[in-house]
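Quick look at protein_28.txt (compact mmCIF, N, CA and C atoms):
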# COMPACT_ATOMS: atom_id res chain seq x y z
N MET M 1 0.53 15.84 1.77
CA MET M 1 -0.02 14.59 1.29
C MET M 1 -1.48 14.51 1.67
N LYS M 2 -2.31 14.11 0.76
CA LYS M 2 -3.74 13.98 1.02
C LYS M 2 -3.97 12.77 1.93
N GLN M 3 -4.56 13.01 3.07
CA GLN M 3 -4.80 11.91 4.00
C GLN M 3 -6.16 11.25 3.76
N GLU M 4 -7.13 12.01 3.33
CA GLU M 4 -8.47 11.46 3.11
C GLU M 4 -8.83 11.54 1.64
N GLN M 5 -9.24 10.45 1.09
CA GLN M 5 -9.73 10.42 -0.28
C GLN M 5 -10.93 9.49 -0.28
N ASN M 6 -12.10 10.04 -0.54
CA ASN M 6 -13.33 9.28 -0.38
C ASN M 6 -13.45 8.08 -1.29
N ASN M 7 -13.06 8.21 -2.54
CA ASN M 7 -13.25 7.13 -3.49
C ASN M 7 -11.91 6.59 -3.96
N ILE M 8 -11.14 6.07 -3.03
CA ILE M 8 -9.81 5.56 -3.34
C ILE M 8 -9.94 4.25 -4.13
N GLN M 9 -9.17 4.15 -5.20
CA GLN M 9 -9.24 2.99 -6.07
C GLN M 9 -8.21 1.95 -5.64
N GLU M 10 -8.46 0.70 -6.04
CA GLU M 10 -7.46 -0.33 -5.81
C GLU M 10 -6.38 -0.20 -6.87
N LEU M 11 -5.21 -0.66 -6.52
CA LEU M 11 -4.09 -0.61 -7.43
C LEU M 11 -3.81 -1.98 -8.03
N THR M 12 -3.32 -1.99 -9.26
CA THR M 12 -2.86 -3.24 -9.86
C THR M 12 -1.55 -3.62 -9.19
N ARG M 13 -1.07 -4.83 -9.44
CA ARG M 13 0.17 -5.28 -8.84
C ARG M 13 1.34 -4.35 -9.21
N GLY M 14 1.44 -3.99 -10.48
CA GLY M 14 2.52 -3.10 -10.93
C GLY M 14 2.42 -1.72 -10.32
N GLU M 15 1.20 -1.19 -10.25
CA GLU M 15 0.99 0.13 -9.64
C GLU M 15 1.37 0.10 -8.16
N GLU M 16 0.97 -0.97 -7.49
CA GLU M 16 1.27 -1.07 -6.07
C GLU M 16 2.77 -1.20 -5.84
N GLU M 17 3.47 -1.91 -6.70
CA GLU M 17 4.93 -2.01 -6.56
C GLU M 17 5.57 -0.63 -6.66
N VAL M 18 5.14 0.17 -7.62
CA VAL M 18 5.65 1.53 -7.77
C VAL M 18 5.30 2.37 -6.54
N MET M 19 4.08 2.26 -6.06
CA MET M 19 3.67 3.04 -4.89
C MET M 19 4.47 2.63 -3.65
N GLN M 20 4.70 1.34 -3.47
CA GLN M 20 5.48 0.89 -2.30
C GLN M 20 6.86 1.55 -2.31
N ILE M 21 7.46 1.62 -3.48
CA ILE M 21 8.78 2.25 -3.60
C ILE M 21 8.67 3.74 -3.33
N LEU M 22 7.67 4.40 -3.90
CA LEU M 22 7.51 5.85 -3.66
C LEU M 22 7.22 6.15 -2.19
N TRP M 23 6.45 5.30 -1.54
CA TRP M 23 6.20 5.50 -0.11
C TRP M 23 7.51 5.40 0.67
N GLU M 24 8.39 4.48 0.27
CA GLU M 24 9.68 4.36 0.93
C GLU M 24 10.58 5.56 0.62
N LEU M 25 10.64 5.94 -0.65
CA LEU M 25 11.49 7.05 -1.06
C LEU M 25 10.98 8.41 -0.58
N GLU M 26 9.69 8.55 -0.50
CA GLU M 26 8.98 9.80 -0.22
C GLU M 26 8.99 10.74 -1.42
N SER M 27 10.00 10.67 -2.25
CA SER M 27 10.08 11.49 -3.46
C SER M 27 11.16 10.88 -4.35
N GLY M 28 10.90 10.84 -5.65
CA GLY M 28 11.92 10.29 -6.53
C GLY M 28 11.55 10.40 -8.00
N SER M 29 12.56 10.20 -8.83
CA SER M 29 12.36 10.19 -10.28
C SER M 29 12.01 8.77 -10.72
N VAL M 30 11.65 8.64 -11.99
CA VAL M 30 11.39 7.31 -12.54
C VAL M 30 12.64 6.45 -12.38
N ASN M 31 13.82 7.02 -12.64
CA ASN M 31 15.07 6.25 -12.49
C ASN M 31 15.30 5.82 -11.04
N ASP M 32 14.93 6.66 -10.08
CA ASP M 32 15.05 6.28 -8.66
C ASP M 32 14.16 5.08 -8.35
N ILE M 33 12.97 5.09 -8.92
CA ILE M 33 12.02 3.99 -8.71
C ILE M 33 12.59 2.71 -9.31
N ILE M 34 13.07 2.79 -10.54
CA ILE M 34 13.64 1.62 -11.22
C ILE M 34 14.81 1.05 -10.44
N ALA M 35 15.64 1.92 -9.89
CA ALA M 35 16.82 1.47 -9.13
C ALA M 35 16.43 0.60 -7.94
N ARG M 36 15.25 0.80 -7.38
CA ARG M 36 14.79 0.03 -6.22
C ARG M 36 14.05 -1.25 -6.59
N MET M 37 13.78 -1.44 -7.89
CA MET M 37 13.02 -2.61 -8.32
C MET M 37 13.91 -3.84 -8.44
N LYS M 38 13.28 -5.00 -8.30
CA LYS M 38 13.99 -6.26 -8.40
C LYS M 38 14.31 -6.58 -9.85
N GLU M 39 15.31 -7.42 -10.02
CA GLU M 39 15.67 -7.91 -11.36
C GLU M 39 14.63 -8.92 -11.81
N PRO M 40 14.33 -9.02 -13.05
CA PRO M 40 14.76 -8.14 -14.13
C PRO M 40 13.99 -6.82 -14.05
N LYS M 41 14.72 -5.74 -14.11
CA LYS M 41 14.12 -4.42 -13.98
C LYS M 41 13.31 -4.09 -15.24
N PRO M 42 12.15 -3.47 -15.03
CA PRO M 42 11.33 -3.11 -16.19
C PRO M 42 11.95 -1.95 -16.96
N LYS M 43 11.47 -1.74 -18.17
CA LYS M 43 11.94 -0.63 -18.99
C LYS M 43 11.47 0.70 -18.40
N TYR M 44 12.21 1.74 -18.69
CA TYR M 44 11.88 3.08 -18.23
C TYR M 44 10.45 3.45 -18.63
N THR M 45 10.08 3.17 -19.88
CA THR M 45 8.75 3.56 -20.35
C THR M 45 7.64 2.84 -19.60
N THR M 46 7.90 1.61 -19.19
CA THR M 46 6.90 0.86 -18.43
C THR M 46 6.65 1.53 -17.08
N VAL M 47 7.72 1.87 -16.39
CA VAL M 47 7.58 2.51 -15.08
C VAL M 47 6.98 3.90 -15.22
N ALA M 48 7.41 4.63 -16.24
CA ALA M 48 6.86 5.97 -16.48
C ALA M 48 5.35 5.89 -16.74
N THR M 49 4.92 4.84 -17.44
CA THR M 49 3.48 4.65 -17.69
C THR M 49 2.74 4.39 -16.39
N PHE M 50 3.30 3.53 -15.52
CA PHE M 50 2.68 3.27 -14.22
C PHE M 50 2.57 4.56 -13.41
N VAL M 51 3.63 5.35 -13.41
CA VAL M 51 3.62 6.60 -12.66
C VAL M 51 2.53 7.54 -13.20
N LYS M 52 2.41 7.63 -14.52
CA LYS M 52 1.39 8.48 -15.12
C LYS M 52 -0.03 8.00 -14.75
N ILE M 53 -0.24 6.69 -14.77
CA ILE M 53 -1.54 6.13 -14.37
C ILE M 53 -1.82 6.47 -12.92
N LEU M 54 -0.81 6.31 -12.07
CA LEU M 54 -0.97 6.63 -10.65
C LEU M 54 -1.27 8.10 -10.44
N GLU M 55 -0.66 8.94 -11.26
CA GLU M 55 -0.94 10.37 -11.18
C GLU M 55 -2.39 10.64 -11.60
N ASN M 56 -2.84 10.00 -12.66
CA ASN M 56 -4.22 10.17 -13.13
C ASN M 56 -5.23 9.67 -12.10
N LYS M 57 -4.86 8.64 -11.34
CA LYS M 57 -5.75 8.10 -10.30
C LYS M 57 -5.70 8.93 -9.02
N GLY M 58 -4.77 9.88 -8.95
CA GLY M 58 -4.68 10.73 -7.77
C GLY M 58 -3.76 10.20 -6.68
N PHE M 59 -2.97 9.17 -6.97
CA PHE M 59 -2.07 8.60 -5.97
C PHE M 59 -0.72 9.31 -5.93
N VAL M 60 -0.34 9.94 -7.05
CA VAL M 60 0.99 10.53 -7.19
C VAL M 60 0.85 11.95 -7.69
N GLU M 61 1.75 12.82 -7.21
CA GLU M 61 1.86 14.18 -7.71
C GLU M 61 3.31 14.37 -8.14
N HIS M 62 3.56 15.39 -8.96
CA HIS M 62 4.93 15.63 -9.40
C HIS M 62 5.29 17.10 -9.31
N GLU M 63 6.59 17.33 -9.36
CA GLU M 63 7.12 18.69 -9.42
C GLU M 63 8.30 18.66 -10.38
N ALA M 64 8.52 19.76 -11.06
CA ALA M 64 9.63 19.85 -12.01
C ALA M 64 10.96 19.78 -11.25
N ALA M 65 11.91 19.07 -11.85
CA ALA M 65 13.25 18.95 -11.28
C ALA M 65 14.23 18.91 -12.45
N GLY M 66 14.78 20.05 -12.79
CA GLY M 66 15.66 20.12 -13.95
C GLY M 66 14.86 19.85 -15.21
N LYS M 67 15.33 18.92 -16.00
CA LYS M 67 14.63 18.57 -17.25
C LYS M 67 13.58 17.50 -17.03
N GLY M 68 13.49 16.99 -15.83
CA GLY M 68 12.53 15.92 -15.56
C GLY M 68 11.58 16.26 -14.43
N PHE M 69 11.07 15.24 -13.80
CA PHE M 69 10.11 15.40 -12.71
C PHE M 69 10.51 14.55 -11.52
N ARG M 70 10.11 15.01 -10.35
CA ARG M 70 10.20 14.21 -9.13
C ARG M 70 8.77 13.92 -8.71
N TYR M 71 8.54 12.69 -8.35
CA TYR M 71 7.20 12.24 -7.98
C TYR M 71 7.16 11.96 -6.49
N HIS M 72 6.00 12.20 -5.91
CA HIS M 72 5.80 11.90 -4.50
C HIS M 72 4.36 11.42 -4.29
N PRO M 73 4.16 10.61 -3.26
CA PRO M 73 2.82 10.09 -2.99
C PRO M 73 1.84 11.20 -2.63
N ALA M 74 0.64 11.09 -3.15
CA ALA M 74 -0.44 12.02 -2.80
C ALA M 74 -1.41 11.36 -1.82
N VAL M 75 -1.25 10.05 -1.64
CA VAL M 75 -2.07 9.27 -0.70
C VAL M 75 -1.11 8.56 0.24
N ALA M 76 -1.35 8.69 1.54
CA ALA M 76 -0.51 8.03 2.53
C ALA M 76 -0.67 6.52 2.46
N ARG M 77 0.42 5.82 2.71
CA ARG M 77 0.40 4.34 2.72
C ARG M 77 -0.66 3.83 3.68
N GLU M 78 -0.74 4.43 4.85
CA GLU M 78 -1.68 3.99 5.87
C GLU M 78 -3.13 4.15 5.40
N GLU M 79 -3.40 5.26 4.69
CA GLU M 79 -4.75 5.50 4.19
C GLU M 79 -5.13 4.44 3.16
N TYR M 80 -4.21 4.15 2.25
CA TYR M 80 -4.49 3.13 1.23
C TYR M 80 -4.67 1.77 1.90
N ALA M 81 -3.80 1.43 2.84
CA ALA M 81 -3.89 0.15 3.53
C ALA M 81 -5.22 0.02 4.26
N LYS M 82 -5.63 1.09 4.93
CA LYS M 82 -6.90 1.08 5.68
C LYS M 82 -8.07 0.81 4.75
N ARG M 83 -8.11 1.52 3.63
CA ARG M 83 -9.22 1.34 2.67
C ARG M 83 -9.17 -0.03 2.01
N HIS M 84 -7.96 -0.48 1.69
CA HIS M 84 -7.80 -1.77 1.02
C HIS M 84 -8.23 -2.92 1.94
N VAL M 85 -7.78 -2.87 3.19
CA VAL M 85 -8.15 -3.91 4.15
C VAL M 85 -9.64 -3.86 4.45
N SER M 86 -10.20 -2.67 4.57
CA SER M 86 -11.65 -2.54 4.80
C SER M 86 -12.44 -3.16 3.65
N SER M 87 -11.98 -2.93 2.43
CA SER M 87 -12.63 -3.50 1.26
C SER M 87 -12.54 -5.02 1.27
N MET M 88 -11.35 -5.54 1.58
CA MET M 88 -11.15 -6.99 1.64
C MET M 88 -12.01 -7.59 2.74
N LEU M 89 -12.06 -6.93 3.88
CA LEU M 89 -12.86 -7.40 5.01
C LEU M 89 -14.33 -7.49 4.61
N SER M 90 -14.82 -6.46 3.95
CA SER M 90 -16.21 -6.43 3.51
C SER M 90 -16.49 -7.46 2.43
N THR M 91 -15.60 -7.56 1.44
CA THR M 91 -15.82 -8.44 0.29
C THR M 91 -15.71 -9.92 0.64
N TYR M 92 -14.71 -10.29 1.43
CA TYR M 92 -14.43 -11.71 1.68
C TYR M 92 -14.90 -12.24 3.03
N PHE M 93 -15.11 -11.35 4.00
CA PHE M 93 -15.41 -11.82 5.34
C PHE M 93 -16.67 -11.20 5.93
N GLY M 94 -17.52 -10.65 5.08
CA GLY M 94 -18.78 -10.08 5.52
C GLY M 94 -18.62 -8.99 6.57
N GLY M 95 -17.48 -8.32 6.55
CA GLY M 95 -17.23 -7.24 7.51
C GLY M 95 -16.82 -7.72 8.89
N SER M 96 -16.62 -9.03 9.05
CA SER M 96 -16.32 -9.60 10.35
C SER M 96 -14.81 -9.77 10.56
N ILE M 97 -14.29 -9.05 11.51
CA ILE M 97 -12.86 -9.18 11.83
C ILE M 97 -12.58 -10.55 12.43
N SER M 98 -13.52 -11.08 13.20
CA SER M 98 -13.30 -12.40 13.79
C SER M 98 -13.20 -13.47 12.70
N GLN M 99 -14.00 -13.34 11.62
CA GLN M 99 -13.88 -14.29 10.50
C GLN M 99 -12.53 -14.15 9.81
N LEU M 100 -12.05 -12.92 9.68
CA LEU M 100 -10.74 -12.66 9.08
C LEU M 100 -9.65 -13.32 9.92
N VAL M 101 -9.67 -13.10 11.22
CA VAL M 101 -8.66 -13.68 12.12
C VAL M 101 -8.75 -15.20 12.08
N SER M 102 -9.96 -15.73 12.08
CA SER M 102 -10.15 -17.17 12.02
C SER M 102 -9.56 -17.73 10.73
N PHE M 103 -9.83 -17.07 9.62
CA PHE M 103 -9.29 -17.50 8.32
C PHE M 103 -7.77 -17.57 8.36
N PHE M 104 -7.14 -16.49 8.82
CA PHE M 104 -5.67 -16.46 8.83
C PHE M 104 -5.09 -17.44 9.83
N SER M 105 -5.78 -17.66 10.95
CA SER M 105 -5.25 -18.61 11.93
C SER M 105 -5.33 -20.04 11.41
N GLN M 106 -6.28 -20.31 10.51
CA GLN M 106 -6.43 -21.66 9.95
C GLN M 106 -5.58 -21.88 8.71
N HIS M 107 -5.31 -20.82 7.94
CA HIS M 107 -4.66 -20.98 6.64
C HIS M 107 -3.24 -20.44 6.56
N GLU M 108 -2.77 -19.82 7.60
CA GLU M 108 -1.40 -19.29 7.61
C GLU M 108 -0.68 -19.88 8.81
N ASN M 109 0.62 -19.96 8.71
CA ASN M 109 1.42 -20.45 9.83
C ASN M 109 1.69 -19.30 10.79
N ILE M 110 0.77 -19.12 11.72
CA ILE M 110 0.91 -18.07 12.72
C ILE M 110 1.61 -18.70 13.93
N SER M 111 2.73 -18.13 14.30
CA SER M 111 3.49 -18.68 15.43
C SER M 111 2.79 -18.33 16.74
N SER M 112 3.18 -19.03 17.80
CA SER M 112 2.63 -18.75 19.13
C SER M 112 2.97 -17.33 19.55
N GLN M 113 4.17 -16.88 19.19
CA GLN M 113 4.58 -15.51 19.53
C GLN M 113 3.69 -14.49 18.83
N GLU M 114 3.36 -14.73 17.53
CA GLU M 114 2.49 -13.81 16.80
C GLU M 114 1.09 -13.80 17.41
N MET M 115 0.59 -14.97 17.80
CA MET M 115 -0.73 -15.03 18.43
C MET M 115 -0.74 -14.24 19.74
N THR M 116 0.33 -14.39 20.51
CA THR M 116 0.44 -13.64 21.76
C THR M 116 0.46 -12.14 21.49
N GLU M 117 1.22 -11.73 20.47
CA GLU M 117 1.28 -10.32 20.11
C GLU M 117 -0.09 -9.79 19.69
N ILE M 118 -0.83 -10.58 18.90
CA ILE M 118 -2.17 -10.19 18.46
C ILE M 118 -3.08 -10.01 19.67
N LEU M 119 -3.03 -10.95 20.59
CA LEU M 119 -3.86 -10.85 21.80
C LEU M 119 -3.49 -9.63 22.63
N GLU M 120 -2.18 -9.34 22.73
CA GLU M 120 -1.74 -8.17 23.48
C GLU M 120 -2.24 -6.88 22.82
N ILE M 121 -2.19 -6.81 21.52
CA ILE M 121 -2.69 -5.63 20.80
C ILE M 121 -4.18 -5.47 21.05
N MET M 122 -4.92 -6.57 20.94
CA MET M 122 -6.37 -6.50 21.14
C MET M 122 -6.69 -6.06 22.57
N GLU M 123 -5.96 -6.56 23.53
CA GLU M 123 -6.19 -6.18 24.93
C GLU M 123 -5.88 -4.70 25.14
N ARG M 124 -4.79 -4.21 24.54
CA ARG M 124 -4.41 -2.80 24.67
C ARG M 124 -5.49 -1.91 24.06
N VAL M 125 -5.99 -2.27 22.87
CA VAL M 125 -7.04 -1.49 22.22
C VAL M 125 -8.31 -1.51 23.04
N LYS M 126 -8.63 -2.67 23.59
CA LYS M 126 -9.83 -2.80 24.42
C LYS M 126 -9.74 -1.89 25.65
N ASN M 127 -8.58 -1.81 26.24
CA ASN M 127 -8.39 -0.97 27.43
C ASN M 127 -8.40 0.51 27.10
N GLU M 128 -8.07 0.88 25.85
CA GLU M 128 -8.09 2.28 25.44
C GLU M 128 -9.50 2.78 25.19
N LYS M 129 -10.44 1.87 24.95
CA LYS M 129 -11.82 2.29 24.62
C LYS M 129 -12.63 2.52 25.83

Take the structure from the file and write it as structure tokens.
Amino acid sequence: MKQEQNNIQELTRGEEEVMQILWELESGSVNDIIARMKEPKPKYTTVATFVKILENKGFVEHEAAGKGFRYHPAVAREEYAKRHVSSMLSTYFGGSISQLVSFFSQHENISSQEMTEILEIMERVKNEK
């Protein structure tokens, strides 16, 4: 799996849904992907189109399997998440993690336990540096 991709693109909602399933499956056919989707399930051709787009974008690779293909991620979930969050951080919060945390603490219902966990993570990272 390619871990580094310099110009990683954002995914549409449909593409991301397919990728989330492929990341979970690690490898699968279009029918395997459809089987994991919520009702109402999309048509085979719709999912096959998403997979082809993802392949063209470099997110998915395939290998022959009988008369069909098995698809697997070419970009790790963590790599995509890292790039996506970095882009969001830059676009919406001026690159400031403190502004991001402030935004979520004001606009999301963060429990006391989650706040404690966040502080513990930050303290652990601080001690590792």

- request: List every residue of chain M that DSSP, applied to the backbone of this structure, places in strand (DSSP E or B), and write the result as a PyMOL selection string.
  value: chain M and resi 2+28+60-65+68-73+75

Report task. Return as a VMD selection string the full set of residues in segment 49-101 of chain M whose backbone-based DSSP assignment is alpha helix (DSSP H). Result -> chain M and resid 49 to 57 77 to 93 97 to 101

Surrounding residues of segment 42-54 of chain M excluding itself and chain neighbours under 2 positions, 8 Å, all atoms listed in the file, as a count of residues only = 18
